[in-house]
file work16.cif (mmCIF, C-alpha atoms)
data_target
loop_
_atom_site.label_atom_id
_atom_site.label_comp_id
_atom_site.auth_asym_id
_atom_site.auth_seq_id
_atom_site.Cartn_x
_atom_site.Cartn_y
_atom_site.Cartn_z
CA MET A 12 98.87 111.77 85.42
CA PHE A 13 100.08 112.10 89.02
CA ALA A 14 97.69 110.50 91.52
CA GLN A 15 99.35 110.58 94.92
CA THR A 16 102.41 109.91 97.05
CA LEU A 17 102.49 106.60 98.91
CA VAL A 18 105.82 106.90 100.73
CA PHE A 19 107.40 110.21 101.76
CA TYR A 20 110.85 110.43 103.37
CA ASP A 21 112.65 113.73 102.67
CA GLY A 22 110.56 113.85 99.51
CA PRO A 23 108.40 111.38 97.56
CA GLN A 24 109.91 107.88 97.44
CA LEU A 25 106.99 105.89 96.06
CA VAL A 26 104.19 107.43 93.99
CA LEU A 27 101.09 106.34 92.14
CA LEU A 28 100.05 107.67 88.73
CA LYS A 29 97.43 106.96 86.07
CA SER A 30 98.53 106.29 82.52
CA ALA A 31 96.77 107.62 79.43
CA ARG A 32 95.26 104.14 79.09
CA GLY A 33 93.70 104.39 82.53
CA LEU A 34 96.04 101.87 84.13
CA SER A 35 97.70 102.41 87.49
CA VAL A 36 101.40 103.26 87.36
CA ILE A 37 103.68 102.54 90.31
CA ALA A 38 106.94 104.50 90.48
CA ALA A 39 109.89 104.35 92.87
CA ALA A 40 112.61 106.97 93.35
CA ILE A 41 116.01 105.95 91.98
CA GLU A 42 119.42 107.54 91.46
CA ARG A 43 120.21 109.05 88.07
CA HIS A 44 122.52 111.98 87.50
CA ASP A 45 120.61 113.38 84.52
CA MET A 46 117.37 114.03 86.43
CA ALA A 47 116.51 116.16 89.47
CA GLN A 48 113.94 113.69 90.86
CA PRO A 49 114.34 110.46 88.89
CA PHE A 50 111.73 107.70 89.12
CA PHE A 51 111.51 104.17 87.74
CA ALA A 52 107.94 103.22 86.79
CA CYS A 53 105.69 100.61 85.24
CA GLU A 54 102.02 100.06 84.49
CA ILE A 55 100.28 97.45 86.63
CA VAL A 56 96.94 95.68 86.42
CA GLU A 57 94.38 96.38 89.14
CA ARG A 58 94.37 92.81 90.45
CA ASP A 59 98.11 92.91 91.17
CA PHE A 60 97.83 96.33 92.79
CA ASN A 61 94.99 95.14 95.02
CA LYS A 62 97.05 92.10 95.97
CA TYR A 63 99.89 94.42 96.95
CA MET A 64 97.61 96.75 98.91
CA ALA A 65 96.17 93.75 100.78
CA GLY A 66 99.65 92.67 101.87
CA LYS A 67 99.60 89.49 99.77
CA ALA A 68 102.48 90.59 97.56
CA ASP A 69 105.44 92.88 98.09
CA LEU A 70 106.57 95.87 96.05
CA HIS A 71 109.25 93.83 94.31
CA TYR A 72 106.55 91.45 93.02
CA LEU A 73 104.49 94.41 91.82
CA PHE A 74 107.33 95.77 89.69
CA ARG A 75 108.20 92.31 88.38
CA SER A 76 104.55 91.99 87.26
CA ALA A 77 104.72 95.07 85.02
CA VAL A 78 102.27 95.14 82.11
CA ALA A 79 104.04 93.72 79.01
CA ASP A 80 107.30 93.87 81.02
CA VAL A 81 107.69 97.52 79.95
CA PHE A 82 109.32 100.12 82.22
CA TYR A 83 109.68 103.90 82.16
CA PHE A 84 111.76 106.76 83.58
CA PHE A 85 110.52 110.21 84.47
CA ASP A 86 111.64 113.30 86.34
CA LEU A 87 109.07 114.23 88.97
CA ALA A 88 110.55 117.73 89.20
CA LYS A 89 109.41 118.41 85.63
CA GLY A 90 105.80 117.46 86.25
CA GLY A 91 103.40 120.31 85.56
CA ASP A 92 99.66 120.47 86.27
CA ASN A 93 99.88 116.91 87.57
CA TRP A 94 100.95 115.60 84.16
CA ILE A 95 104.12 113.51 84.02
CA GLU A 96 106.06 112.80 80.84
CA MET A 97 107.40 109.25 80.99
CA VAL A 98 110.14 107.92 78.73
CA ARG A 99 110.16 104.23 77.86
CA ALA A 100 113.26 102.49 79.20
CA GLU A 101 115.29 100.43 76.78
CA PRO A 102 116.26 96.98 78.09
CA TYR A 103 119.94 97.93 78.33
CA GLN A 104 119.02 100.91 80.55
CA ILE A 105 117.27 98.79 83.17
CA SER A 106 119.30 97.83 86.20
CA ASP A 107 118.38 95.37 88.94
CA ALA A 108 119.23 98.18 91.35
CA TYR A 109 116.13 100.04 90.19
CA PHE A 110 113.80 97.33 91.47
CA PRO A 111 112.62 97.65 95.10
CA ASP A 112 114.05 95.27 97.64
CA VAL A 113 112.17 92.10 98.43
CA GLY A 114 110.00 92.38 101.55
CA PHE A 115 108.60 95.91 101.29
CA PHE A 116 104.82 95.74 101.83
CA ALA A 117 102.00 98.30 101.66
CA ARG A 118 101.82 98.44 105.47
CA SER A 119 105.02 100.51 105.30
CA HIS A 120 103.33 103.32 103.35
CA THR A 121 103.54 106.65 105.12
CA GLU A 122 100.50 108.12 103.33
CA LEU A 123 96.91 106.83 103.32
CA MET A 124 95.37 106.06 99.95
CA GLU A 125 93.20 108.99 98.89
CA GLY A 126 89.48 108.34 98.91
CA MET A 127 89.85 105.66 101.57
CA GLN A 128 89.01 105.93 105.21
CA ALA A 129 91.48 104.55 107.69
CA THR A 130 89.87 101.39 109.02
CA PRO A 131 91.80 99.94 111.94
CA ALA A 132 92.16 96.17 111.77
CA ALA A 133 90.67 94.31 114.68
CA SER A 134 91.79 90.90 115.89
CA HIS A 135 89.05 88.28 115.89
CA VAL A 136 89.59 84.86 117.46
CA PHE A 137 87.95 81.54 116.61
CA LYS A 138 88.68 78.78 119.11
CA ILE A 139 89.29 75.37 117.54
CA ASP A 140 89.28 71.84 118.91
CA GLY A 141 89.25 68.29 117.65
CA ASN A 142 91.06 67.03 114.58
CA TRP A 143 91.96 69.58 111.91
CA GLU A 144 93.74 68.72 108.67
CA ALA A 145 95.43 71.21 106.35
CA SER A 146 92.44 71.08 103.99
CA ASP A 147 90.13 71.98 106.89
CA PHE A 148 92.10 75.14 107.69
CA SER A 149 92.00 76.15 104.02
CA ARG A 150 88.27 75.45 103.70
CA PHE A 151 87.48 77.28 106.95
CA TYR A 152 89.44 80.39 105.96
CA ASN A 153 87.98 80.40 102.45
CA LYS A 154 84.43 80.45 103.83
CA ILE A 155 85.32 83.20 106.32
CA GLU A 156 86.87 85.19 103.45
CA ASP A 157 83.84 84.78 101.17
CA ILE A 158 81.28 85.77 103.83
CA TYR A 159 83.46 88.61 105.13
CA SER A 160 83.86 90.00 101.60
CA PHE A 161 80.13 89.76 100.93
CA VAL A 162 79.00 91.51 104.13
CA SER A 163 81.78 94.13 103.83
CA ALA A 164 80.79 95.02 100.28
CA MET A 165 77.09 95.15 101.13
CA ALA A 166 77.75 97.32 104.20
CA GLN A 167 79.73 99.84 102.14
CA ILE A 168 77.05 99.95 99.45
CA THR A 169 74.17 100.27 101.93
CA LYS A 170 75.90 103.19 103.63
CA GLY A 171 76.09 104.94 100.25
CA ALA A 172 79.80 105.64 100.54
CA ALA A 173 81.21 103.20 98.02
CA ASP A 174 80.30 103.95 94.41
CA LYS A 175 83.36 102.04 93.16
CA THR A 176 82.36 99.00 95.20
CA ARG A 177 78.81 99.18 93.81
CA GLU A 178 80.15 99.41 90.26
CA ALA A 179 82.51 96.49 90.87
CA VAL A 180 79.76 94.28 92.30
CA VAL A 181 77.30 95.08 89.50
CA SER A 182 80.01 94.49 86.91
CA SER A 183 80.89 91.13 88.46
CA ILE A 184 77.25 90.02 88.65
CA THR A 185 76.51 90.94 85.05
CA SER A 186 79.75 89.57 83.60
CA HIS A 187 79.35 85.97 84.81
CA LEU A 188 77.21 83.37 83.07
CA TRP A 189 75.94 81.74 86.30
CA HIS A 190 75.99 78.32 84.62
CA GLY A 191 78.00 76.50 87.26
CA GLY A 192 80.50 76.64 90.09
CA GLY A 193 83.07 78.70 88.21
CA SER A 194 80.82 81.76 88.16
CA TYR A 195 80.36 81.66 91.93
CA VAL A 196 84.06 81.27 92.69
CA ALA A 197 84.89 84.15 90.36
CA PHE A 198 82.14 86.31 91.89
CA TYR A 199 83.50 85.89 95.43
CA ASP A 200 87.05 86.49 94.18
CA ASP A 201 85.79 89.74 92.65
CA LEU A 202 84.09 90.68 95.91
CA PHE A 203 87.30 90.17 97.85
CA GLU A 204 89.22 92.27 95.36
CA SER A 205 86.67 95.09 95.70
CA VAL A 206 86.95 95.34 99.50
CA ARG A 207 90.49 94.21 100.26
CA ALA A 208 92.15 97.62 99.85
CA GLN A 209 89.99 99.21 102.57
CA PHE A 210 88.98 96.15 104.60
CA PRO A 211 91.76 93.60 104.16
CA LEU A 212 91.34 90.25 105.88
CA ARG A 213 94.48 88.53 107.08
CA ILE A 214 95.40 85.49 109.10
CA GLY A 215 96.81 86.79 112.38
CA GLN A 216 97.81 83.56 114.09
CA ILE A 217 97.08 79.84 113.99
CA SER A 218 97.73 77.91 117.18
CA TYR A 219 97.00 74.27 116.49
CA GLY A 220 96.19 72.15 119.48
CA SER A 221 93.35 70.77 121.48
CA PRO A 222 92.20 73.42 122.09
CA GLY A 223 93.83 75.91 119.72
CA GLN A 224 92.78 79.06 117.93
CA ILE A 225 92.68 80.85 114.59
CA ALA A 226 93.04 84.62 114.81
CA VAL A 227 92.17 86.82 111.84
CA ARG A 228 92.54 90.57 111.44
CA GLY A 229 90.00 92.68 109.61
CA ASN A 230 87.11 95.08 109.98
CA ALA A 231 85.53 94.54 113.40
CA GLU A 232 81.96 95.19 112.23
CA ALA A 233 82.21 92.74 109.33
CA LEU A 234 83.78 90.05 111.54
CA SER A 235 81.02 90.55 114.09
CA ASP A 236 78.51 90.04 111.26
CA VAL A 237 80.21 86.73 110.44
CA ASP A 238 79.66 85.61 114.04
CA THR A 239 76.02 86.70 113.88
CA ILE A 240 75.41 84.70 110.71
CA ILE A 241 76.85 81.58 112.35
CA TYR A 242 74.51 82.08 115.31
CA VAL A 243 71.55 82.61 112.96
CA PHE A 244 72.29 79.27 111.30
CA ASP A 245 72.65 77.64 114.69
CA GLU A 246 69.25 78.89 115.86
CA HIS A 247 67.29 78.74 112.61
CA GLY A 248 69.13 76.09 110.62
CA LEU A 249 66.06 73.93 109.97
CA GLU A 250 64.01 76.85 108.63
CA LEU A 251 66.89 78.09 106.47
CA ARG A 252 67.50 74.61 105.06
CA SER A 253 63.81 74.15 104.31
CA ARG A 254 63.61 77.46 102.45
CA TYR A 255 66.81 76.67 100.55
CA GLN A 256 65.60 73.21 99.54
CA TYR A 257 62.25 74.56 98.37
CA LEU A 258 63.89 77.20 96.19
CA ASN A 259 66.48 74.73 94.95
CA GLY A 260 63.70 72.39 93.90
CA THR A 261 61.96 75.18 92.01
CA LEU A 262 65.13 76.05 90.08
CA ALA A 263 65.76 72.38 89.29
CA ARG A 264 62.15 71.80 88.17
CA GLU A 265 62.27 74.83 85.87
CA LYS A 266 65.71 73.77 84.57
CA LEU A 267 67.23 77.08 85.70
CA LYS A 268 70.21 75.84 87.69
CA ARG A 269 72.50 75.93 84.65
CA ASN A 270 70.57 78.23 82.34
CA ARG A 271 70.18 81.97 82.26
CA PRO A 272 66.58 83.19 82.05
CA VAL A 273 67.18 84.57 78.55
CA TYR A 274 67.23 80.97 77.30
CA THR A 275 64.11 79.86 79.18
CA PRO A 276 60.72 81.62 78.90
CA LEU A 277 59.49 82.40 82.42
CA THR A 278 56.17 83.75 83.59
CA HIS A 279 55.95 86.91 85.62
CA GLU A 280 54.26 84.86 88.33
CA LEU A 281 57.22 82.46 88.59
CA LEU A 282 59.76 85.27 88.58
CA GLY A 283 57.84 87.08 91.28
CA ARG A 284 57.67 83.96 93.42
CA LEU A 285 61.39 83.30 93.00
CA GLN A 286 62.21 86.87 93.98
CA GLN A 287 59.96 86.80 97.03
CA ASP A 288 61.19 83.42 98.29
CA ALA A 289 64.85 84.36 97.75
CA ALA A 290 64.26 87.69 99.50
CA THR A 291 62.80 85.90 102.51
CA LEU A 292 65.82 83.58 102.70
CA ALA A 293 68.17 86.56 102.34
CA THR A 294 66.38 88.43 105.12
CA ARG A 295 66.65 85.43 107.45
CA MET A 296 70.41 85.45 106.81
CA ARG A 297 70.62 89.16 107.75
CA LEU A 298 71.14 90.34 104.16
CA ASP A 299 69.45 93.34 102.55
CA PRO A 300 67.29 91.74 99.81
CA ASP A 301 66.18 95.00 98.21
CA GLU A 302 69.72 96.30 97.77
CA LEU A 303 70.96 92.94 96.53
CA PHE A 304 68.09 92.60 94.05
CA THR A 305 68.94 96.06 92.69
CA LEU A 306 72.59 95.07 92.31
CA CYS A 307 71.40 92.05 90.30
CA ARG A 308 69.70 94.44 87.87
CA GLN A 309 66.37 93.03 89.12
CA ASP A 310 67.13 89.65 87.56
CA ALA A 311 65.19 87.27 89.83
CA VAL A 312 67.06 84.13 88.75
CA VAL A 313 70.52 85.62 89.28
CA PHE A 314 69.34 87.13 92.57
CA CYS A 315 68.16 83.69 93.67
CA LYS A 316 71.47 82.06 92.70
CA ILE A 317 73.54 84.60 94.60
CA VAL A 318 71.40 84.16 97.72
CA PHE A 319 71.90 80.40 97.30
CA SER A 320 75.66 80.81 97.05
CA PHE A 321 75.72 82.78 100.29
CA TYR A 322 73.58 80.16 102.03
CA ARG A 323 75.90 77.34 100.99
CA ARG A 324 79.01 79.12 102.23
CA ALA A 325 77.43 80.19 105.50
CA ASN A 326 76.01 76.72 106.07
CA GLU A 327 79.40 75.09 105.48
CA LEU A 328 81.05 77.54 107.89
CA HIS A 329 78.36 76.82 110.48
CA MET A 330 79.12 73.11 110.25
CA PHE A 331 82.51 73.70 111.90
CA TYR A 332 80.61 75.27 114.78
CA LYS A 333 77.89 72.62 114.85
CA GLU A 334 80.50 69.82 114.95
CA GLY A 335 82.13 71.44 117.97
CA ARG A 336 85.41 72.02 116.16
CA MET A 337 85.08 75.81 116.25
CA GLN A 338 83.75 78.25 118.83
CA MET A 339 83.57 82.02 118.79
CA ALA A 340 85.65 83.80 121.40
CA ASN A 341 82.57 84.77 123.43
CA GLY A 342 81.93 81.09 124.08
CA ARG A 343 78.17 81.01 123.39
CA ASP A 344 76.70 77.50 123.70
CA ARG A 345 75.59 75.65 120.58
CA THR A 346 71.97 74.88 119.86
CA ALA A 347 71.03 71.28 119.21
CA VAL A 348 69.69 71.18 115.65
#
call {"tool": "encode", "arguments": {"input": "work16.cif", "output": "structure tokens"}}
result
Amino acid sequence: MFAQTLVFYDGPQLVLLKSARGLSVIAAAIERHDMAQPFFACEIVERDFNKYMAGKADLHYLFRSAVADVFYFFDLAKGGDNWIEMVRAEPYQISDAYFPDVGFFARSHTELMEGMQATPAASHVFKIDGNWEASDFSRFYNKIEDIYSFVSAMAQITKGAADKTREAVVSSITSHLWHGGGSYVAFYDDLFESVRAQFPLRIGQISYGSPGQIAVRGNAEALSDVDTIIYVFDEHGLELRSRYQYLNGTLAREKLKRNRPVYTPLTHELLGRLQQDAATLATRMRLDPDELFTLCRQDAVVFCKIVFSFYRRANELHMFYKEGRMQMANGRDRTAV
């Protein structure tokens, strides 16, 4: 089924469809003498499409990542009522000339994705100083990415304009076991996938020196929220750490850090206390505890673990600031904690 045109130059050049299986289909115009508007197409998984839309893979990569390495031809001129009849291409019919050139990225689309608002990317600068190793840059950006994805997703959901984001977050929360670190990494990867098409985060520039800077490009509101969270940790770090340690001790004492509540009988009193204490910590970190608790299907233990995961990432990001190795562009002085 035809979804939309992505590139239009004297007619559609790149289009998006949905297959009968519900998968996205990417199709590029080609030259064939037996069709009026010939296209070369393939099914793609959502993760690869999101990677392409975020500018982390080009169109050539997207086609080379076709599901089951199967390709199709169709004539767009014969499409009726938005339905397109695709014909499976035999291996001998496939030419390298049909594949898009290397280096074509989603930023070159002429048409905006339907259902998405145009969100201009803002440049956001973090000043850096001192000694930075390659692992530090990677760790710093990973924490920025995780926090940015979290606050972006929550902002969309709170505004009530992102049903797909809500569904993606709930699905991610309920699909992970929350036994150990792997669940948290996967959860934040899922978050980034859910927001990257509309609010992509990209490295703009890294100038290493003493001083130097790291510039990222993304949604201005979300990046401002990242700054605010760093300042909150700078001003209230002792209180946040105390609340985190208290909750962490409760989870450890009840043997809940690696167990889901279904395996451990819990009293309503304990669950209520966990929810309330986690909600207080979330509020201090400028999160919406009620919305987050709802997204967790009102599972107090999972809610607590997600709040914990955000604390750990924000605290690690704040350490760059506390150590004096990173400053926000507005140059606010650090608080001695």
call {"tool": "resolve_selection", "arguments": {"input": "work16.cif", "expression": "the PyMOL selection byres ((chain A and resi 35) around 9)", "output": "mmCIF file with C-alpha atoms, in the coordinates of the input"}}
result
data_model
loop_
_atom_site.group_PDB
_atom_site.id
_atom_site.type_symbol
_atom_site.label_atom_id
_atom_site.label_comp_id
_atom_site.auth_asym_id
_atom_site.auth_seq_id
_atom_site.Cartn_x
_atom_site.Cartn_y
_atom_site.Cartn_z
ATOM 1 C CA LEU A 27 101.090 106.340 92.140
ATOM 2 C CA LEU A 28 100.050 107.670 88.730
ATOM 3 C CA LYS A 29 97.430 106.960 86.070
ATOM 4 C CA SER A 30 98.530 106.290 82.520
ATOM 5 C CA ARG A 32 95.260 104.140 79.090
ATOM 6 C CA GLY A 33 93.700 104.390 82.530
ATOM 7 C CA LEU A 34 96.040 101.870 84.130
ATOM 8 C CA VAL A 36 101.400 103.260 87.360
ATOM 9 C CA ILE A 37 103.680 102.540 90.310
ATOM 10 C CA CYS A 53 105.690 100.610 85.240
ATOM 11 C CA GLU A 54 102.020 100.060 84.490
ATOM 12 C CA ILE A 55 100.280 97.450 86.630
ATOM 13 C CA VAL A 56 96.940 95.680 86.420
ATOM 14 C CA GLU A 57 94.380 96.380 89.140
ATOM 15 C CA PHE A 60 97.830 96.330 92.790
#
call {"tool": "residues_around", "arguments": {"input": "work16.cif", "residues": "Asp238 of chain A", "least_positions_apart": "6", "cutoff": "12 Å", "atoms": "all atoms listed in the file", "output": "PDB file with C-alpha atoms, in the frame of the given file"}}
result
ATOM      1  CA  HIS A 135      89.050  88.280 115.890  1.00  0.00           C
ATOM      2  CA  VAL A 136      89.590  84.860 117.460  1.00  0.00           C
ATOM      3  CA  PHE A 137      87.950  81.540 116.610  1.00  0.00           C
ATOM      4  CA  ILE A 155      85.320  83.200 106.320  1.00  0.00           C
ATOM      5  CA  ILE A 158      81.280  85.770 103.830  1.00  0.00           C
ATOM      6  CA  TYR A 159      83.460  88.610 105.130  1.00  0.00           C
ATOM      7  CA  VAL A 162      79.000  91.510 104.130  1.00  0.00           C
ATOM      8  CA  ALA A 231      85.530  94.540 113.400  1.00  0.00           C
ATOM      9  CA  GLU A 232      81.960  95.190 112.230  1.00  0.00           C
ATOM     10  CA  PHE A 244      72.290  79.270 111.300  1.00  0.00           C
ATOM     11  CA  ASP A 245      72.650  77.640 114.690  1.00  0.00           C
ATOM     12  CA  MET A 296      70.410  85.450 106.810  1.00  0.00           C
ATOM     13  CA  ARG A 297      70.620  89.160 107.750  1.00  0.00           C
ATOM     14  CA  ALA A 325      77.430  80.190 105.500  1.00  0.00           C
ATOM     15  CA  LEU A 328      81.050  77.540 107.890  1.00  0.00           C
ATOM     16  CA  HIS A 329      78.360  76.820 110.480  1.00  0.00           C
ATOM     17  CA  TYR A 332      80.610  75.270 114.780  1.00  0.00           C
ATOM     18  CA  MET A 337      85.080  75.810 116.250  1.00  0.00           C
ATOM     19  CA  GLN A 338      83.750  78.250 118.830  1.00  0.00           C
ATOM     20  CA  MET A 339      83.570  82.020 118.790  1.00  0.00           C
ATOM     21  CA  ALA A 340      85.650  83.800 121.400  1.00  0.00           C
ATOM     22  CA  ASN A 341      82.570  84.770 123.430  1.00  0.00           C
ATOM     23  CA  GLY A 342      81.930  81.090 124.080  1.00  0.00           C
ATOM     24  CA  ARG A 343      78.170  81.010 123.390  1.00  0.00           C
TER      25      ARG A 343
END
call {"tool": "closest_residue", "arguments": {"input": "work16.cif", "among": "A:Thr16, A:Asn142, A:Ser76, A:Ser205", "to": "Phe331 of chain A", "atoms": "all atoms listed in the file"}}
result
A:Asn142
call {"tool": "residues_around", "arguments": {"input": "work16.cif", "residues": "Ser221 of chain A", "least_positions_apart": "6", "cutoff": "12 Å", "atoms": "all atoms listed in the file", "output": "PyMOL selection string"}}
result
chain A and resi 138-143+335-337
call {"tool": "atom_distance", "arguments": {"input": "work16.cif", "atom1": "atom CA of Lys333 of chain A", "atom2": "atom CA of Ile240 of chain A"}}
result
13.0 Å
call {"tool": "resolve_selection", "arguments": {"input": "work16.cif", "expression": "the PyMOL selection byres ((chain A and resi 304) around 10)", "output": "ChimeraX atom specification"}}
result
/A:286,289-290,299-303,305-311,313-315,317-318
call {"tool": "resolve_selection", "arguments": {"input": "work16.cif", "expression": "the PyMOL selection byres ((chain A and resi 254) around 12)", "output": "PyMOL selection string"}}
result
chain A and resi 247-253+255-261+285+287-296+315+318-319+322
call {"tool": "write_last_selection", "arguments": {"input": "work16.cif", "atoms": "C-alpha atoms", "output": "CSV table (one decimal), in the frame of the given file"}}
result
chain,number,residue,atom,x,y,z
A,247,HIS,CA,67.3,78.7,112.6
A,248,GLY,CA,69.1,76.1,110.6
A,249,LEU,CA,66.1,73.9,110.0
A,250,GLU,CA,64.0,76.8,108.6
A,251,LEU,CA,66.9,78.1,106.5
A,252,ARG,CA,67.5,74.6,105.1
A,253,SER,CA,63.8,74.2,104.3
A,255,TYR,CA,66.8,76.7,100.6
A,256,GLN,CA,65.6,73.2,99.5
A,257,TYR,CA,62.2,74.6,98.4
A,258,LEU,CA,63.9,77.2,96.2
A,259,ASN,CA,66.5,74.7,95.0
A,260,GLY,CA,63.7,72.4,93.9
A,261,THR,CA,62.0,75.2,92.0
A,285,LEU,CA,61.4,83.3,93.0
A,287,GLN,CA,60.0,86.8,97.0
A,288,ASP,CA,61.2,83.4,98.3
A,289,ALA,CA,64.8,84.4,97.8
A,290,ALA,CA,64.3,87.7,99.5
A,291,THR,CA,62.8,85.9,102.5
A,292,LEU,CA,65.8,83.6,102.7
A,293,ALA,CA,68.2,86.6,102.3
A,294,THR,CA,66.4,88.4,105.1
A,295,ARG,CA,66.6,85.4,107.4
A,296,MET,CA,70.4,85.4,106.8
A,315,CYS,CA,68.2,83.7,93.7
A,318,VAL,CA,71.4,84.2,97.7
A,319,PHE,CA,71.9,80.4,97.3
A,322,TYR,CA,73.6,80.2,102.0
call {"tool": "axis_aligned_box", "arguments": {"input": "work16.cif", "around": "segment 37-46 of chain A", "padding_each_side": "5 Å", "output": "lines of an AutoDock Vina configuration file"}}
result
center_x = 113.1
center_y = 108.3
center_z = 88.9
size_x = 28.8
size_y = 21.5
size_z = 18.8
call {"tool": "atom_distance", "arguments": {"input": "work16.cif", "atom1": "atom CA of Ser194 of chain A", "atom2": "atom CA of Arg323 of chain A"}}
result
14.4 Å
